[in-house]
$ cat protein.cif   # mmCIF, C-alpha atoms
data_input
#
loop_
_atom_site.label_atom_id
_atom_site.label_comp_id
_atom_site.auth_asym_id
_atom_site.auth_seq_id
_atom_site.Cartn_x
_atom_site.Cartn_y
_atom_site.Cartn_z
CA MET A 1 28.46 -12.14 21.56
CA LYS A 2 26.04 -10.16 19.43
CA SER A 3 22.97 -8.88 21.17
CA LYS A 4 19.69 -9.84 19.59
CA ARG A 5 18.09 -6.91 17.78
CA PRO A 6 14.65 -6.14 19.23
CA LYS A 7 11.62 -6.31 16.97
CA SER A 8 10.72 -3.03 15.39
CA LEU A 9 7.57 -1.28 16.53
CA ALA A 10 6.12 -1.87 13.06
CA ARG A 11 6.62 -5.63 13.36
CA ARG A 12 5.13 -5.63 16.87
CA ASN A 13 2.10 -3.71 15.57
CA ALA A 14 1.71 -6.22 12.74
CA GLU A 15 1.29 -9.04 15.25
CA VAL A 16 -2.12 -7.74 16.36
CA GLU A 17 -4.93 -8.61 13.93
CA TYR A 18 -8.02 -9.18 16.03
CA PHE A 19 -9.95 -7.41 18.75
CA SER A 20 -12.96 -8.45 20.73
CA ILE A 21 -15.69 -6.21 22.13
CA GLY A 22 -18.60 -7.68 24.05
CA GLY A 23 -17.76 -11.18 22.88
CA THR A 24 -17.71 -10.23 19.20
CA LYS A 25 -14.35 -10.85 17.59
CA SER A 26 -13.32 -8.79 14.56
CA ARG A 27 -10.30 -8.70 12.28
CA ILE A 28 -9.27 -5.08 11.86
CA SER A 29 -6.44 -5.36 9.33
CA PRO A 30 -8.38 -5.37 6.01
CA ILE A 31 -10.43 -2.22 6.71
CA GLY A 32 -7.60 -0.66 8.74
CA LEU A 33 -5.19 -0.93 5.82
CA TRP A 34 -7.89 0.29 3.43
CA SER A 35 -8.56 3.30 5.68
CA TYR A 36 -4.89 4.30 5.78
CA ALA A 37 -4.62 3.83 2.02
CA ASP A 38 -7.59 6.10 1.46
CA LYS A 39 -6.14 8.78 3.74
CA TYR A 40 -2.81 8.77 1.88
CA ARG A 41 -4.70 8.97 -1.44
CA ARG A 42 -6.84 11.90 -0.31
CA SER A 43 -3.81 13.69 1.16
CA ALA A 44 -1.89 13.37 -2.11
CA ALA A 45 -4.83 14.78 -4.05
CA LEU A 46 -5.09 17.79 -1.71
CA LEU A 47 -1.51 18.93 -2.20
CA PRO A 48 -1.20 21.75 -4.71
CA ILE A 49 0.84 21.36 -7.87
CA VAL A 50 4.11 23.16 -7.14
CA ASN A 51 5.72 23.22 -10.56
CA SER A 52 5.79 21.24 -13.76
CA ARG A 53 8.41 18.76 -12.49
CA PRO A 54 7.22 15.56 -10.83
CA ASP A 55 6.20 16.23 -7.24
CA ILE A 56 7.97 13.51 -5.30
CA VAL A 57 5.88 14.04 -2.16
CA LYS A 58 2.62 13.53 -4.04
CA LEU A 59 4.13 10.51 -5.82
CA PHE A 60 5.28 9.00 -2.53
CA LEU A 61 1.85 9.44 -0.94
CA ILE A 62 0.00 7.95 -3.90
CA CYS A 63 2.41 5.00 -4.16
CA HIS A 64 2.01 4.34 -0.44
CA SER A 65 -1.75 4.45 -0.89
CA ILE A 66 -1.52 1.86 -3.67
CA GLU A 67 0.75 -0.36 -1.56
CA LEU A 68 -1.67 -0.25 1.38
CA SER A 69 -4.72 -0.83 -0.84
CA LEU A 70 -3.13 -3.92 -2.36
CA LYS A 71 -2.15 -5.15 1.10
CA ALA A 72 -5.69 -4.46 2.36
CA PHE A 73 -7.00 -6.71 -0.40
CA LEU A 74 -4.47 -9.44 0.45
CA SER A 75 -5.40 -9.10 4.12
CA ALA A 76 -9.07 -9.54 3.19
CA GLN A 77 -8.03 -12.69 1.34
CA GLY A 78 -6.52 -14.10 4.54
CA LYS A 79 -2.92 -12.88 4.55
CA PHE A 80 -1.76 -11.74 7.96
CA LEU A 81 -0.17 -8.36 8.61
CA ILE A 82 3.06 -10.00 9.70
CA GLU A 83 3.24 -11.72 6.27
CA LEU A 84 2.48 -8.48 4.47
CA ALA A 85 5.28 -6.75 6.38
CA SER A 86 7.77 -9.49 5.47
CA SER A 87 10.59 -9.15 2.99
CA GLU A 88 8.52 -11.14 0.47
CA PHE A 89 6.32 -8.08 0.05
CA GLY A 90 7.93 -5.18 1.91
CA HIS A 91 7.38 -2.00 -0.08
CA ASP A 92 7.69 -3.74 -3.44
CA LEU A 93 4.65 -2.63 -5.46
CA GLU A 94 5.27 -5.21 -8.19
CA SER A 95 5.47 -8.07 -5.70
CA VAL A 96 2.33 -6.97 -3.86
CA LEU A 97 0.50 -6.34 -7.15
CA SER A 98 1.50 -9.76 -8.46
CA ALA A 99 0.22 -11.47 -5.31
CA ALA A 100 -3.02 -9.44 -5.46
CA LYS A 101 -3.55 -10.40 -9.12
CA ALA A 102 -3.04 -14.06 -8.22
CA GLU A 103 -5.76 -13.65 -5.54
CA GLY A 104 -8.20 -12.09 -8.05
CA ILE A 105 -8.02 -8.36 -7.38
CA LEU A 106 -8.75 -7.57 -11.03
CA ARG A 107 -12.20 -9.15 -10.63
CA ILE A 108 -12.99 -6.52 -7.99
CA ALA A 109 -10.93 -3.49 -9.02
CA GLU A 110 -10.93 -2.85 -12.77
CA LEU A 111 -7.45 -1.43 -13.16
CA THR A 112 -6.58 -0.49 -16.74
CA PRO A 113 -3.44 -1.75 -18.49
CA GLU A 114 -2.13 1.85 -18.34
CA GLN A 115 -2.66 1.98 -14.57
CA LEU A 116 -0.99 -1.40 -14.05
CA SER A 117 1.96 -0.32 -16.18
CA GLU A 118 2.31 2.96 -14.26
CA ILE A 119 2.33 1.09 -10.94
CA GLU A 120 5.22 -1.00 -12.26
CA THR A 121 7.02 2.15 -13.44
CA ALA A 122 6.52 3.73 -10.01
CA ASN A 123 7.99 0.69 -8.28
CA HIS A 124 11.52 1.52 -9.46
CA TYR A 125 11.37 4.85 -7.64
CA TYR A 126 9.22 3.77 -4.69
CA LEU A 127 11.18 0.63 -3.86
CA GLY A 128 14.45 2.52 -4.32
CA LYS A 129 13.22 5.18 -1.85
CA ALA A 130 13.81 7.91 -4.47
CA PHE A 131 10.62 9.67 -3.32
CA GLU A 132 11.71 9.59 0.35
CA TYR A 133 15.40 10.44 0.36
CA PRO A 134 17.54 12.69 -1.82
CA ALA A 135 18.12 10.88 -5.10
CA LEU A 136 20.69 13.15 -6.69
CA LYS A 137 21.03 11.13 -9.87
CA GLU A 138 17.27 11.17 -10.49
CA SER A 139 16.92 14.76 -9.36
CA SER A 140 19.66 15.93 -11.74
CA ARG A 141 17.70 14.26 -14.56
CA GLY A 142 14.51 15.96 -13.36
CA PHE A 143 13.02 12.55 -12.53
CA SER A 144 12.61 12.14 -16.29
CA GLY A 145 11.30 8.58 -16.07
CA ALA A 146 9.04 9.23 -13.10
CA PRO A 147 5.52 7.82 -13.21
CA ASN A 148 2.54 9.97 -14.06
CA PHE A 149 0.78 11.17 -10.91
CA GLU A 150 -2.66 11.43 -12.55
CA THR A 151 -2.54 7.82 -13.75
CA LEU A 152 -1.39 6.58 -10.33
CA ASN A 153 -4.03 8.72 -8.62
CA SER A 154 -6.64 7.19 -10.90
CA ALA A 155 -5.39 3.69 -9.97
CA ALA A 156 -5.47 4.55 -6.26
CA SER A 157 -9.01 5.93 -6.61
CA THR A 158 -10.15 2.78 -8.41
CA LEU A 159 -8.63 0.61 -5.68
CA SER A 160 -10.18 2.71 -2.92
CA ALA A 161 -13.67 2.72 -4.39
CA SER A 162 -13.59 -0.95 -5.38
CA LEU A 163 -12.11 -2.42 -2.20
CA HIS A 164 -14.00 -0.65 0.58
CA ASP A 165 -16.92 -3.06 0.89
CA HIS A 166 -14.72 -6.11 0.34
CA CYS A 167 -12.34 -5.06 3.12
CA LEU A 168 -15.16 -4.02 5.45
CA SER A 169 -16.90 -7.35 5.12
CA ALA A 170 -13.62 -9.22 5.70
CA SER A 171 -13.12 -7.20 8.90
CA ASN A 172 -16.57 -7.86 10.34
CA ALA A 173 -17.19 -10.38 13.08
CA VAL A 174 -15.27 -13.62 12.73
CA ASP A 175 -15.60 -17.02 14.35
CA GLU A 176 -14.16 -17.22 17.84
CA GLY A 177 -12.37 -20.35 16.65
CA SER A 178 -10.21 -18.44 14.14
CA SER A 179 -6.90 -16.98 15.21
#
$ encode --input "protein.cif" --output "C-alpha cells"
Amino acid sequence: MKSKRPKSLARRNAEVEYFSIGGTKSRISPIGLWSYADKYRRSAALLPIVNSRPDIVKLFLICHSIELSLKAFLSAQGKFLIELASSEFGHDLESVLSAAKAEGILRIAELTPEQLSEIETANHYYLGKAFEYPALKESSRGFSGAPNFETLNSAASTLSASLHDHCLSASNAVDEGSS
C-alpha cells in the first residue's frame, strides 16, 4: 500500500488567506504577493552586471517577480492562493499572463507589446527551470535565445508601480461573512 504523500509546506502556506486583528478581517494575499514580487524585482536590479552573457540569476529573479506580480493581480481579482499554486498556473508565465489579461490587467498596468512578447520568450526558460538548474544545452549556446533583462525589468517595474494600490485595496478589511 502506498503511503499518502503529505502536503508540501508551500501548499499548506497557500491555504491561509485571511487574518483578523481586533475584529477586523483582512485578506493578505494580494499585497503579500505584490510585496514579494517587488522585493525580487529590486534584488534583481541591485545585482551587478557580471559579463556580457545573459545573467541567469538576474533573469530568474525578474521572472519570479513578474510571476508573483501577475498572481498578486489575480489574487486581488478573487483567485485564492491555493488556486494560484495549482498546476493550472504553477510557474507558467504565459498561463498566468493569459489569466491576468482575461481579468483586465492591461487596463491597470500598461505593458507594451515588446514587454508582453519578452515575458512569453522568458517563459520557455523559466518554466523549463533553465535559470535555476544547470541547462548544459542552453549554456553551451550561451543562452542565445534568452530574454532581454532590461525589457523584463521594465515590465516588472510597470507591474510593481501599477499594481500596488490595487493589491493594497484588495487586501484591506473584508466582510466577516467572506471566507
$ residues_near_point --input "protein.cif" --point "(0.7, -4.1, -2.7)" --cutoff "6 Å" --atoms "all atoms listed in the file" --output "CSV table (one decimal) with C-alpha atoms, in the coordinates of the input"
chain,number,residue,atom,x,y,z
A,67,GLU,CA,0.8,-0.4,-1.6
A,70,LEU,CA,-3.1,-3.9,-2.4
A,71,LYS,CA,-2.2,-5.2,1.1
A,93,LEU,CA,4.6,-2.6,-5.5
A,96,VAL,CA,2.3,-7.0,-3.9
A,97,LEU,CA,0.5,-6.3,-7.2
$ closest_residue --input "protein.cif" --among "A:Leu74, A:Ser139, A:Glu118, A:Trp34" --to "Ala161 (chain A)" --atoms "only C-alpha atoms"
A:Trp34
$ resolve_selection --input "protein.cif" --expression "the PyMOL selection byres ((chain A and resi 59-63) around 10)" --output "PyMOL selection string"
chain A and resi 37-45+54-58+64-69+91+93+119+122-123+125-127+129-132+146-150+152-157
$ residues_near_point --input "protein.cif" --point "(0.5, -13.4, 4.9)" --cutoff "12 Å" --atoms "only C-alpha atoms" --output "number ranges by chain"
A: 14-15, 17, 29, 71-90, 96, 99-100
$ atom_distance --input "protein.cif" --atom1 "CA of His166 (chain A)" --atom2 "CA of Arg107 (chain A)"
11.7 Å
$ atom_distance --input "protein.cif" --atom1 "CA of Asp165 (chain A)" --atom2 "CA of Gly32 (chain A)"
12.4 Å
$ resolve_selection --input "protein.cif" --expression "the PyMOL selection byres ((chain A and resi 108) around 9)" --output "ChimeraX atom specification"
/A:104-107,109-110,159,162-163,166
$ write_last_selection --input "protein.cif" --atoms "C-alpha atoms" --output "mmCIF file, in the frame of the given file"
data_model
loop_
_atom_site.group_PDB
_atom_site.id
_atom_site.type_symbol
_atom_site.label_atom_id
_atom_site.label_comp_id
_atom_site.auth_asym_id
_atom_site.auth_seq_id
_atom_site.Cartn_x
_atom_site.Cartn_y
_atom_site.Cartn_z
ATOM 1 C CA GLY A 104 -8.200 -12.090 -8.050
ATOM 2 C CA ILE A 105 -8.020 -8.360 -7.380
ATOM 3 C CA LEU A 106 -8.750 -7.570 -11.030
ATOM 4 C CA ARG A 107 -12.200 -9.150 -10.630
ATOM 5 C CA ALA A 109 -10.930 -3.490 -9.020
ATOM 6 C CA GLU A 110 -10.930 -2.850 -12.770
ATOM 7 C CA LEU A 159 -8.630 0.610 -5.680
ATOM 8 C CA SER A 162 -13.590 -0.950 -5.380
ATOM 9 C CA LEU A 163 -12.110 -2.420 -2.200
ATOM 10 C CA HIS A 166 -14.720 -6.110 0.340
#
$ atom_distance --input "protein.cif" --atom1 "CA of Glu120 (chain A)" --atom2 "CA of Ser169 (chain A)"
28.8 Å
$ closest_residue --input "protein.cif" --among "A:Ile21, A:Leu116, A:Leu33, A:Leu46" --to "Glu94 (chain A)" --atoms "all atoms listed in the file"
A:Leu116
$ closest_residue --input "protein.cif" --among "A:Pro30, A:Ser35, A:Thr151, A:Val50" --to "Pro113 (chain A)" --atoms "only C-alpha atoms"
A:Thr151
